[in-house]
$ cat start-v6.tsv   # TSV, C-alpha atoms and all ligand atoms
chain	number	residue	atom	x	y	z
A	7	MET	CA	-16.01	-12.02	-2.50
A	8	THR	CA	-17.77	-10.72	0.61
A	9	PRO	CA	-15.70	-9.80	3.68
A	10	GLY	CA	-15.21	-12.71	6.04
A	11	THR	CA	-15.24	-15.34	3.32
A	12	LYS	CA	-11.63	-14.87	2.29
A	13	LYS	CA	-9.10	-17.40	3.55
A	14	ARG	CA	-6.73	-16.07	6.20
A	15	VAL	CA	-3.00	-15.63	5.79
A	16	LEU	CA	-0.53	-14.87	8.60
A	17	SER	CA	3.13	-14.01	8.38
A	18	GLY	CA	5.69	-11.93	10.22
A	19	MET	CA	9.33	-10.93	10.47
A	20	ARG	CA	11.70	-10.42	13.33
A	21	PRO	CA	12.65	-6.77	13.78
A	22	THR	CA	16.32	-6.93	12.84
A	23	GLY	CA	16.44	-3.39	11.39
A	24	LYS	CA	16.03	-2.04	7.89
A	25	LEU	CA	14.97	-4.70	5.37
A	26	HIS	CA	17.05	-5.59	2.32
A	27	LEU	CA	16.37	-6.84	-1.20
A	28	GLY	CA	16.57	-10.45	0.00
A	29	ASN	CA	13.77	-9.84	2.53
A	30	TYR	CA	11.76	-8.03	-0.11
A	31	LEU	CA	12.04	-10.58	-2.89
A	32	GLY	CA	11.95	-13.58	-0.55
A	33	ALA	CA	8.77	-12.56	1.26
A	34	LEU	CA	7.54	-8.98	1.29
A	35	ALA	CA	6.85	-8.59	-2.44
A	36	ASN	CA	4.76	-11.75	-2.27
A	37	TRP	CA	2.84	-10.49	0.77
A	38	VAL	CA	1.93	-7.36	-1.19
A	39	LYS	CA	0.32	-9.55	-3.86
A	40	LEU	CA	-1.49	-11.77	-1.33
A	41	GLN	CA	-3.44	-8.77	-0.04
A	42	ASP	CA	-5.80	-8.95	-3.04
A	43	GLN	CA	-6.76	-12.54	-2.53
A	44	TYR	CA	-6.67	-13.19	1.21
A	45	GLU	CA	-7.54	-11.66	4.56
A	46	CYS	CA	-3.98	-10.90	5.63
A	47	PHE	CA	-2.35	-10.47	9.05
A	48	PHE	CA	1.27	-9.28	8.92
A	49	PHE	CA	3.17	-8.69	12.12
A	50	ILE	CA	6.45	-7.67	13.65
A	51	ALA	CA	7.74	-10.50	15.81
A	52	ASP	CA	9.38	-8.46	18.58
A	53	TRP	CA	9.06	-11.19	21.22
A	54	HIS	CA	10.84	-13.54	18.81
A	55	ALA	CA	13.70	-11.05	18.58
A	56	LEU	CA	14.01	-11.32	22.36
A	57	THR	CA	14.42	-15.10	22.26
A	58	THR	CA	17.98	-14.41	21.05
A	59	ASP	CA	18.47	-10.76	22.13
A	60	TYR	CA	16.97	-10.93	25.62
A	61	ALA	CA	20.16	-9.56	27.18
A	62	SER	CA	20.21	-6.43	25.02
A	63	PRO	CA	16.68	-5.37	24.07
A	64	GLY	CA	17.70	-1.75	23.43
A	65	ARG	CA	17.26	-1.80	19.66
A	66	VAL	CA	14.18	-3.99	19.35
A	67	LYS	CA	11.67	-1.13	19.40
A	68	SER	CA	13.48	1.14	16.95
A	69	ASN	CA	14.12	-1.88	14.70
A	70	SER	CA	10.39	-2.59	14.80
A	71	ILE	CA	9.71	0.92	13.52
A	72	GLU	CA	12.25	0.46	10.70
A	73	VAL	CA	10.51	-2.76	9.70
A	74	VAL	CA	7.05	-1.23	9.64
A	75	LEU	CA	8.42	1.66	7.52
A	76	ASP	CA	9.68	-0.96	5.05
A	77	TYR	CA	6.39	-2.91	5.19
A	78	LEU	CA	4.46	0.25	4.28
A	79	ALA	CA	7.06	1.35	1.73
A	80	ALA	CA	6.88	-2.01	-0.04
A	81	GLY	CA	3.11	-1.63	-0.41
A	82	LEU	CA	1.47	-3.37	2.53
A	83	ASP	CA	-1.77	-1.50	2.83
A	84	PRO	CA	-3.33	-1.00	6.27
A	85	GLU	CA	-6.75	-0.63	4.60
A	86	ARG	CA	-6.52	-4.19	3.29
A	87	SER	CA	-4.18	-5.92	5.75
A	88	THR	CA	-3.92	-6.00	9.52
A	89	ILE	CA	-0.38	-4.84	10.31
A	90	PHE	CA	0.56	-5.17	13.96
A	91	ILE	CA	3.21	-5.75	16.58
A	92	GLN	CA	3.25	-9.07	18.42
A	93	SER	CA	3.88	-7.79	21.95
A	94	HIS	CA	0.86	-5.47	21.75
A	95	VAL	CA	-1.44	-8.48	21.44
A	96	PRO	CA	-0.89	-10.29	24.77
A	97	GLN	CA	-3.22	-13.12	23.75
A	98	HIS	CA	-0.24	-14.57	21.83
A	99	ALA	CA	1.49	-15.10	25.19
A	100	GLU	CA	-1.55	-16.71	26.77
A	101	LEU	CA	-1.90	-19.18	23.91
A	102	HIS	CA	1.86	-19.81	23.98
A	103	LEU	CA	1.57	-20.79	27.64
A	104	LEU	CA	-1.35	-23.15	27.01
A	105	PHE	CA	0.40	-24.75	24.01
A	106	SER	CA	3.57	-25.17	26.06
A	107	LEU	CA	1.57	-27.40	28.42
A	108	VAL	CA	0.67	-29.87	25.67
A	109	THR	CA	3.80	-29.78	23.49
A	110	PRO	CA	6.17	-32.71	24.05
A	111	LEU	CA	9.75	-31.64	24.69
A	112	GLY	CA	11.05	-34.05	22.05
A	113	TRP	CA	9.20	-32.17	19.28
A	114	LEU	CA	11.11	-29.01	20.14
A	115	GLU	CA	14.50	-30.64	20.56
A	116	ARG	CA	14.32	-32.10	17.08
A	117	VAL	CA	13.43	-28.84	15.27
A	118	PRO	CA	16.41	-28.57	12.85
A	119	THR	CA	16.89	-24.81	13.33
A	120	TYR	CA	17.14	-25.24	17.13
A	121	LYS	CA	20.45	-27.13	17.09
A	122	GLU	CA	21.73	-25.22	14.07
A	123	GLN	CA	21.14	-21.80	15.60
A	124	ARG	CA	22.49	-22.78	19.01
A	125	GLU	CA	25.72	-23.76	17.29
A	126	ASN	CA	25.85	-20.86	14.84
A	127	ILE	CA	24.87	-17.89	17.01
A	128	LYS	CA	28.01	-17.14	18.96
A	129	GLY	CA	28.37	-14.99	22.06
A	130	LYS	CA	24.81	-15.55	23.32
A	131	ASP	CA	23.61	-18.11	25.81
A	132	LEU	CA	20.74	-19.77	23.99
A	133	GLY	CA	20.32	-22.57	26.48
A	134	THR	CA	17.09	-20.97	27.63
A	135	TYR	CA	13.52	-22.17	28.01
A	136	GLY	CA	12.32	-19.34	25.72
A	137	PHE	CA	14.68	-20.21	22.90
A	138	LEU	CA	13.77	-23.90	22.97
A	139	GLY	CA	10.10	-22.92	23.00
A	140	TYR	CA	10.17	-20.42	20.16
A	141	PRO	CA	8.37	-22.81	17.75
A	142	VAL	CA	5.54	-22.96	20.32
A	143	LEU	CA	5.30	-19.17	20.27
A	144	GLN	CA	5.38	-19.29	16.48
A	145	SER	CA	2.53	-21.81	16.51
A	146	ALA	CA	0.55	-19.55	18.84
A	147	ASP	CA	1.19	-16.59	16.47
A	148	ILE	CA	-0.32	-18.54	13.58
A	149	LEU	CA	-3.11	-20.44	15.29
A	150	ILE	CA	-4.44	-17.52	17.32
A	151	TYR	CA	-5.72	-16.11	14.02
A	152	GLN	CA	-6.97	-19.55	12.92
A	153	ALA	CA	-4.94	-18.89	9.78
A	154	ASP	CA	-5.52	-21.08	6.73
A	155	PHE	CA	-2.17	-20.35	5.08
A	156	VAL	CA	1.33	-19.33	6.04
A	157	PRO	CA	3.50	-18.02	3.19
A	158	VAL	CA	6.95	-19.61	3.49
A	159	GLY	CA	9.94	-20.54	1.40
A	160	GLU	CA	10.73	-24.20	0.68
A	161	ASP	CA	13.23	-24.33	3.57
A	162	GLN	CA	10.64	-23.25	6.16
A	163	VAL	CA	7.92	-25.80	5.47
A	164	ALA	CA	9.07	-27.77	8.58
A	165	HIS	CA	8.18	-24.75	10.73
A	166	VAL	CA	4.57	-24.93	9.62
A	167	GLU	CA	4.55	-28.69	10.25
A	168	ILE	CA	5.12	-28.34	14.00
A	169	THR	CA	2.25	-25.81	14.09
A	170	ARG	CA	0.02	-28.40	12.44
A	171	GLU	CA	1.14	-31.01	14.97
A	172	ILE	CA	0.40	-28.71	17.91
A	173	ALA	CA	-3.04	-27.88	16.46
A	174	ARG	CA	-3.76	-31.58	16.05
A	175	ARG	CA	-2.64	-32.38	19.58
A	176	PHE	CA	-4.72	-29.53	21.05
A	177	ASN	CA	-7.79	-30.58	19.06
A	178	GLY	CA	-7.23	-34.16	20.26
A	179	PHE	CA	-7.37	-33.10	23.93
A	180	TYR	CA	-9.96	-30.34	23.77
A	181	GLN	CA	-13.09	-29.92	21.69
A	182	LEU	CA	-15.57	-27.09	21.59
A	183	GLN	CA	-19.09	-28.49	21.35
A	184	GLY	CA	-17.74	-31.48	19.47
A	185	ARG	CA	-15.63	-29.56	16.98
A	186	ASP	CA	-11.96	-28.64	16.55
A	187	VAL	CA	-10.89	-25.16	17.68
A	188	PHE	CA	-7.92	-24.96	15.31
A	189	PRO	CA	-7.68	-25.55	11.59
A	190	GLU	CA	-4.37	-27.04	10.43
A	191	PRO	CA	-2.70	-24.26	8.47
A	192	GLN	CA	-1.09	-25.04	5.13
A	193	PRO	CA	2.21	-23.65	3.89
A	194	LEU	CA	1.77	-21.32	0.95
A	195	LEU	CA	4.95	-21.76	-1.02
A	196	THR	CA	6.60	-18.52	-2.09
A	197	PRO	CA	8.46	-18.75	-5.38
A	198	ALA	CA	11.73	-17.26	-4.16
A	199	ALA	CA	14.15	-15.58	-6.53
A	200	LYS	CA	17.83	-16.21	-5.83
A	201	VAL	CA	19.02	-12.89	-4.44
A	202	PRO	CA	22.81	-12.69	-4.23
A	203	GLY	CA	24.55	-10.33	-1.86
A	204	THR	CA	27.44	-8.15	-2.96
A	205	ASP	CA	29.93	-10.93	-2.14
A	206	GLY	CA	28.01	-13.48	-4.22
A	207	ARG	CA	26.66	-15.41	-1.21
A	208	LYS	CA	22.95	-15.35	-0.33
A	209	MET	CA	21.99	-11.81	0.69
A	210	SER	CA	21.87	-11.74	4.47
A	211	LYS	CA	22.46	-9.27	7.27
A	212	THR	CA	24.74	-11.86	8.89
A	213	TYR	CA	27.15	-11.68	5.95
A	214	GLY	CA	27.09	-7.87	5.73
A	215	ASN	CA	26.45	-8.10	1.98
A	216	THR	CA	23.04	-6.46	1.71
A	217	ILE	CA	21.44	-3.75	-0.40
A	218	LEU	CA	18.70	-2.16	1.68
A	219	LEU	CA	15.28	-1.23	0.37
A	220	SER	CA	16.09	2.24	1.67
A	221	GLU	CA	19.66	2.31	0.31
A	222	PRO	CA	20.42	5.74	-1.24
A	223	GLU	CA	21.25	5.74	-4.96
A	224	PRO	CA	24.99	6.60	-4.62
A	225	SER	CA	25.41	3.78	-2.14
A	226	ILE	CA	23.61	1.29	-4.44
A	227	ARG	CA	25.96	2.27	-7.27
A	228	ALA	CA	29.05	2.02	-5.05
A	229	LYS	CA	28.02	-1.41	-3.76
A	230	LEU	CA	27.37	-2.70	-7.27
A	231	LYS	CA	30.80	-1.47	-8.36
A	232	THR	CA	32.55	-3.68	-5.82
A	233	MET	CA	30.27	-6.67	-6.37
A	234	VAL	CA	31.92	-9.97	-7.28
A	235	THR	CA	31.49	-11.21	-10.87
A	236	ASP	CA	32.17	-14.32	-12.92
A	237	PRO	CA	35.76	-15.14	-11.88
A	238	ALA	CA	36.52	-16.14	-15.50
A	239	ARG	CA	36.54	-12.44	-16.45
A	240	VAL	CA	39.96	-11.59	-15.14
A	241	ARG	CA	40.74	-9.16	-17.97
A	242	ARG	CA	38.32	-6.99	-19.93
A	243	THR	CA	38.96	-9.20	-22.97
A	244	ASP	CA	38.03	-12.47	-21.19
A	245	PRO	CA	34.52	-13.71	-22.04
A	246	GLY	CA	32.20	-14.51	-19.14
A	247	ASN	CA	28.88	-16.14	-18.33
A	248	PRO	CA	26.00	-14.23	-16.68
A	249	ASP	CA	24.57	-17.54	-15.42
A	250	VAL	CA	27.45	-17.92	-12.97
A	251	CYS	CA	27.74	-14.23	-12.10
A	252	PRO	CA	25.89	-12.67	-9.11
A	253	VAL	CA	25.42	-9.46	-11.13
A	254	GLY	CA	23.82	-11.64	-13.83
A	255	ASP	CA	21.41	-12.93	-11.16
A	256	LEU	CA	20.46	-9.36	-10.25
A	257	HIS	CA	19.82	-8.60	-13.94
A	258	LYS	CA	17.48	-11.61	-14.12
A	259	ILE	CA	15.42	-10.09	-11.33
A	260	PHE	CA	15.49	-6.40	-12.19
A	261	SER	CA	16.26	-6.00	-15.90
A	262	ASP	CA	13.98	-6.16	-18.92
A	263	LYS	CA	14.42	-8.45	-21.91
A	264	GLN	CA	16.42	-5.95	-23.97
A	265	THR	CA	18.95	-5.37	-21.21
A	266	MET	CA	19.18	-9.13	-20.58
A	267	ALA	CA	19.92	-9.66	-24.28
A	268	LYS	CA	22.68	-7.02	-24.16
A	269	VAL	CA	24.16	-8.57	-21.01
A	270	ASN	CA	24.07	-12.10	-22.42
A	271	ALA	CA	25.62	-11.20	-25.75
A	272	GLY	CA	28.10	-8.65	-24.37
A	273	CYS	CA	29.34	-10.77	-21.47
A	274	ARG	CA	29.79	-13.97	-23.48
A	275	SER	CA	31.69	-12.17	-26.24
A	276	ALA	CA	33.61	-9.79	-23.97
A	277	GLY	CA	31.88	-7.03	-25.90
A	278	ILE	CA	31.03	-5.19	-22.67
A	279	GLY	CA	32.99	-4.60	-19.50
A	280	CYS	CA	31.76	-5.54	-16.04
A	281	ILE	CA	31.68	-1.87	-14.97
A	282	GLU	CA	29.23	-1.06	-17.77
A	283	CYS	CA	27.13	-4.14	-16.99
A	284	LYS	CA	27.03	-3.29	-13.28
A	285	GLY	CA	25.94	0.24	-14.16
A	286	TRP	CA	22.88	-1.15	-15.99
A	287	ALA	CA	22.04	-3.39	-13.03
A	288	ALA	CA	22.33	-0.41	-10.67
A	289	ASP	CA	20.07	1.69	-12.96
A	290	ASN	CA	17.37	-0.96	-12.83
A	291	ILE	CA	17.59	-1.51	-9.09
A	292	VAL	CA	17.41	2.26	-8.50
A	293	ASN	CA	14.33	2.49	-10.77
A	294	HIS	CA	12.68	-0.44	-9.06
A	295	LEU	CA	13.27	1.04	-5.60
A	296	ALA	CA	12.24	4.60	-6.50
A	297	PRO	CA	8.49	4.24	-5.72
A	298	ILE	CA	9.28	2.20	-2.60
A	299	GLN	CA	11.67	4.85	-1.30
A	300	GLU	CA	9.20	7.58	-2.18
A	301	ARG	CA	6.53	5.92	-0.02
A	302	ARG	CA	9.07	5.33	2.77
A	303	ARG	CA	10.00	9.02	2.88
A	304	LYS	CA	6.45	9.98	3.79
A	305	TYR	CA	6.62	7.78	6.92
A	306	GLU	CA	10.27	8.57	7.68
A	307	ASN	CA	9.29	12.23	7.89
A	308	ASP	CA	6.51	11.39	10.31
A	309	PRO	CA	7.20	7.99	11.94
A	310	ARG	CA	4.32	8.61	14.31
A	311	LEU	CA	2.01	7.90	11.35
A	312	ALA	CA	3.53	4.42	11.02
A	313	TRP	CA	3.31	3.84	14.77
A	314	ASP	CA	-0.38	4.80	14.73
A	315	ILE	CA	-0.96	2.29	11.92
A	316	LEU	CA	0.71	-0.40	14.05
A	317	GLU	CA	-1.38	0.56	17.05
A	318	ALA	CA	-4.66	0.47	15.11
A	319	GLY	CA	-3.62	-2.84	13.53
A	320	SER	CA	-2.76	-4.26	16.95
A	321	GLN	CA	-6.23	-3.34	18.26
A	322	LYS	CA	-7.82	-5.08	15.28
A	323	ALA	CA	-5.58	-8.12	15.70
A	324	MET	CA	-6.44	-8.22	19.40
A	325	ARG	CA	-10.15	-8.52	18.62
A	326	ALA	CA	-9.51	-11.50	16.34
A	327	ALA	CA	-7.08	-13.05	18.85
A	328	GLU	CA	-9.51	-12.60	21.75
A	329	ASN	CA	-12.24	-14.28	19.72
A	330	THR	CA	-10.02	-17.34	19.36
A	331	MET	CA	-8.97	-17.24	23.02
A	332	GLN	CA	-12.60	-17.33	24.12
A	333	GLN	CA	-13.00	-20.56	22.16
A	334	VAL	CA	-9.74	-21.93	23.58
A	335	ARG	CA	-10.67	-21.10	27.18
A	336	ALA	CA	-14.13	-22.62	26.72
A	337	ALA	CA	-12.68	-25.79	25.19
A	338	MET	CA	-10.18	-26.07	28.09
A	339	LYS	CA	-12.92	-25.44	30.67
A	340	MET	CA	-11.22	-22.16	31.62
A	341	SER	CA	-13.91	-19.78	30.46
A	342	ARG	CA	-14.29	-16.53	32.40
A	343	GLU	CA	-18.04	-17.05	32.74
A	344	PHE	CA	-19.28	-17.85	36.25
A	345	GLU	CA	-20.20	-21.52	36.66
A	346	PRO	CA	-21.46	-23.02	39.92
A	347	PRO	CA	-19.11	-25.61	41.42
A	348	THR	CA	-19.90	-29.17	40.43
A	349	LEU	CA	-18.57	-32.49	41.56
A	350	ALA	CA	-15.75	-33.63	39.30
A	351	ALA	CA	-17.05	-35.96	36.65
A	352	ALA	CA	-16.04	-39.59	37.09
A	353	GLY	CA	-12.56	-40.19	35.79
A	354	GLU	CA	-11.61	-36.49	35.83
A	355	GLU	CA	-10.22	-36.35	39.38
A	356	ASP	CA	-6.65	-35.22	39.27
A	357	GLY	CA	-5.69	-36.99	42.46
A	358	GLU	CA	-4.65	-33.85	44.38
B	401	LIG	S1	29.67	-8.62	-17.80
B	401	LIG	FE1	28.09	-8.56	-16.28
B	401	LIG	S2	27.27	-10.63	-16.17
B	401	LIG	FE2	29.25	-10.73	-17.23
B	401	LIG	S3	30.72	-11.20	-15.62
B	401	LIG	FE3	30.69	-8.98	-15.88
B	401	LIG	S4	29.20	-8.28	-14.38
B	401	LIG	FE4	28.88	-10.47	-14.64

$ encode --input "start-v6.tsv" --output "structure tokens"
Amino acid sequence: MTPGTKKRVLSGMRPTGKLHLGNYLGALANWVKLQDQYECFFFIADWHALTTDYASPGRVKSNSIEVVLDYLAAGLDPERSTIFIQSHVPQHAELHLLFSLVTPLGWLERVPTYKEQRENIKGKDLGTYGFLGYPVLQSADILIYQADFVPVGEDQVAHVEITREIARRFNGFYQLQGRDVFPEPQPLLTPAAKVPGTDGRKMSKTYGNTILLSEPEPSIRAKLKTMVTDPARVRRTDPGNPDVCPVGDLHKIFSDKQTMAKVNAGCRSAGIGCIECKGWAADNIVNHLAPIQERRRKYENDPRLAWDILEAGSQKAMRAAENTMQQVRAAMKMSREFEPPTLAAAGEEDGE
């Protein structure tokens, strides 16, 4: 495939700090694979972090660096993908403004995560214009690269839908020489493994039950030791079932067939103890993370290297974003080219 003919993919994460196994298996590992097939843009959504953390922005920048270290550690390759930071490409903000002019308020008020998050995130005033408008910013993030696909999990397909609606509405109002400026991006469904946290609930920073990609080996082993198991195994002699045990779920992700066979037989017959079984799971997680942590160390020792990658990626992203903005401005009759004044065309007077 020659450069420029690949379909475009865009995705990003909020900089909430070091990434965990749930982030990795739910998104990042898939992004690494997409790099072979698509022209990929992966970004750090620092402005999105401010939609909820506007009152305390102190950690956003250092969290962004932690995220890019994890991106690079996981195998995102700056030679193949454009890796950048949202706030360094101001065109996102310009497109956000223009989209906000055409987006009906009702579309935003009915976004399911809007109400849900306003109720669930305590201690922050989220009754702001920026928080309500975050799906518009998200749409600008995607459409400014005229992306064909957005990798998402099943539960996020609705987020791509509003982007498609905004693209459609923009294209309905404004055309560039008789053609649409924006393609309607498609969700690219990510087959997501169920990643349990140490308490058995979904792994999430909110629950404090994570295992980080950068977690040191002793800490991984200690966390596994305290992990919840099949409640039927009260005593060592009680048989259990790996299908209802969070440690069993980790084995399904990280262990090979032989280990799975030992876990299945040993757990169901009470032939093994949970401590032994957890030790095998820890071994396999440690092995899986070893090359990732090795790559991370290189950038941890010289974070400037990672920052330079972000800067170079942001410059590259800016060129692509500016290319789209020139089309947008032309379609909206806001081009920066000089044009002599003309009488307003019939029917276009705005009545001022
Ligand atoms: S033996 Fe393993 S799979 Fe079975 S309950 Fe214990 S930890 Fe879970």

$ residues_near_ligand --input "start-v6.tsv" --ligand "ligand LIG 401 (chain B)" --cutoff "8 Å" --atoms "only C-alpha atoms and all ligand atoms" --output "PyMOL selection string"
chain A and resi 234-239+245-254+269-270+272-274+276+278-284

$ closest_residue --input "start-v6.tsv" --among "A:Pro346, A:Gly319, A:Gly285, A:Pro191" --to "Ala146 (chain A)" --atoms "all atoms listed in the file"
A:Pro191

$ residues_around --input "start-v6.tsv" --residues "region 185-187 of chain A" --least-positions-apart "6" --cutoff "8 Å" --atoms "only C-alpha atoms" --output "JSON, numbers by chain"
{"A": [177, 333, 334, 337]}

$ atom_distance --input "start-v6.tsv" --atom1 "CA of Arg116 (chain A)" --atom2 "CA of Pro193 (chain A)"
19.8 Å

$ axis_aligned_box --input "start-v6.tsv" --around "region 265-268 of chain A" --padding-each-side "8 Å" --output "lines of an AutoDock Vina configuration file"
center_x = 20.8
center_y = -7.5
center_z = -22.4
size_x = 19.7
size_y = 20.3
size_z = 19.7

$ residues_around --input "start-v6.tsv" --residues "Gln162 (chain A)" --least-positions-apart "5" --cutoff "10 Å" --atoms "all atoms listed in the file" --output "CSV table (one decimal) with C-alpha atoms, keeping the file's coordinate frame"
chain,number,residue,atom,x,y,z
A,119,THR,CA,16.9,-24.8,13.3
A,157,PRO,CA,3.5,-18.0,3.2
A,167,GLU,CA,4.6,-28.7,10.2
A,193,PRO,CA,2.2,-23.6,3.9
A,195,LEU,CA,5.0,-21.8,-1.0

$ atom_distance --input "start-v6.tsv" --atom1 "CA of Ser225 (chain A)" --atom2 "CA of Ile127 (chain A)"
28.9 Å

$ residues_around --input "start-v6.tsv" --residues "Asp59 (chain A)" --least-positions-apart "4" --cutoff "12 Å" --atoms "all atoms listed in the file" --output "ChimeraX atom specification"
/A:20-22,52-55,63-66,127-132,134,136-137

$ residues_around --input "start-v6.tsv" --residues "Asp154 (chain A)" --least-positions-apart "3" --cutoff "8 Å" --atoms "all atoms listed in the file" --output "PyMOL selection string"
chain A and resi 13-15+189-192

$ atom_distance --input "start-v6.tsv" --atom1 "CA of Gln144 (chain A)" --atom2 "CA of Asp42 (chain A)"
24.8 Å

$ residues_around --input "start-v6.tsv" --residues "Lys39 (chain A)" --least-positions-apart "6" --cutoff "12 Å" --atoms "all atoms listed in the file" --output "ChimeraX atom specification"
/A:15,31,33,45-46,80-83,86-87,157,196

$ closest_residue --input "start-v6.tsv" --among "A:Gln152, A:Ser261, A:Gln332, A:Asn36" --to "Ala198 (chain A)" --atoms "all atoms listed in the file"
A:Asn36

$ closest_residue --input "start-v6.tsv" --among "A:Glu171, A:Asp76, A:Asp147, A:Glu115" --to "Ala326 (chain A)" --atoms "all atoms listed in the file"
A:Asp147

$ decode --input "start-v6.tsv" --residues "region 179-192 of chain A" --atoms "N, CA and C atoms" --output "CSV table (one decimal), in the first residue's frame"
chain,number,residue,atom,x,y,z
A,179,PHE,N,-25.0,22.2,5.9
A,179,PHE,CA,-24.9,23.7,5.8
A,179,PHE,C,-23.9,24.2,4.8
A,180,TYR,N,-22.7,23.5,4.8
A,180,TYR,CA,-21.6,24.1,4.1
A,180,TYR,C,-21.0,23.0,3.2
A,181,GLN,N,-20.8,23.4,1.9
A,181,GLN,CA,-20.2,22.5,1.0
A,181,GLN,C,-18.9,23.2,0.4
A,182,LEU,N,-18.0,22.4,0.0
A,182,LEU,CA,-16.8,22.9,-0.6
A,182,LEU,C,-16.8,22.5,-2.1
A,183,GLN,N,-17.0,23.4,-2.9
A,183,GLN,CA,-17.1,23.2,-4.4
A,183,GLN,C,-18.1,22.0,-4.6
A,184,GLY,N,-19.2,22.0,-4.0
A,184,GLY,CA,-20.2,20.9,-4.2
A,184,GLY,C,-20.0,19.6,-3.5
A,185,ARG,N,-18.9,19.6,-2.7
A,185,ARG,CA,-18.7,18.3,-2.0
A,185,ARG,C,-18.6,18.5,-0.5
A,186,ASP,N,-18.8,17.3,0.3
A,186,ASP,CA,-18.8,17.3,1.7
A,186,ASP,C,-17.3,17.6,2.2
A,187,VAL,N,-17.2,18.3,3.3
A,187,VAL,CA,-15.8,18.5,3.9
A,187,VAL,C,-15.5,17.2,4.7
A,188,PHE,N,-16.5,16.7,5.5
A,188,PHE,CA,-16.2,15.7,6.4
A,188,PHE,C,-16.8,14.3,6.0
A,189,PRO,N,-15.9,13.3,6.1
A,189,PRO,CA,-16.5,12.0,6.0
A,189,PRO,C,-17.2,11.6,7.3
A,190,GLU,N,-18.1,10.7,7.3
A,190,GLU,CA,-18.7,10.2,8.6
A,190,GLU,C,-17.9,9.1,9.1
A,191,PRO,N,-17.2,9.3,10.2
A,191,PRO,CA,-16.3,8.2,10.7
A,191,PRO,C,-17.1,7.0,11.2
A,192,GLN,N,-16.5,5.8,11.1
A,192,GLN,CA,-17.2,4.6,11.6
A,192,GLN,C,-16.5,4.1,12.9
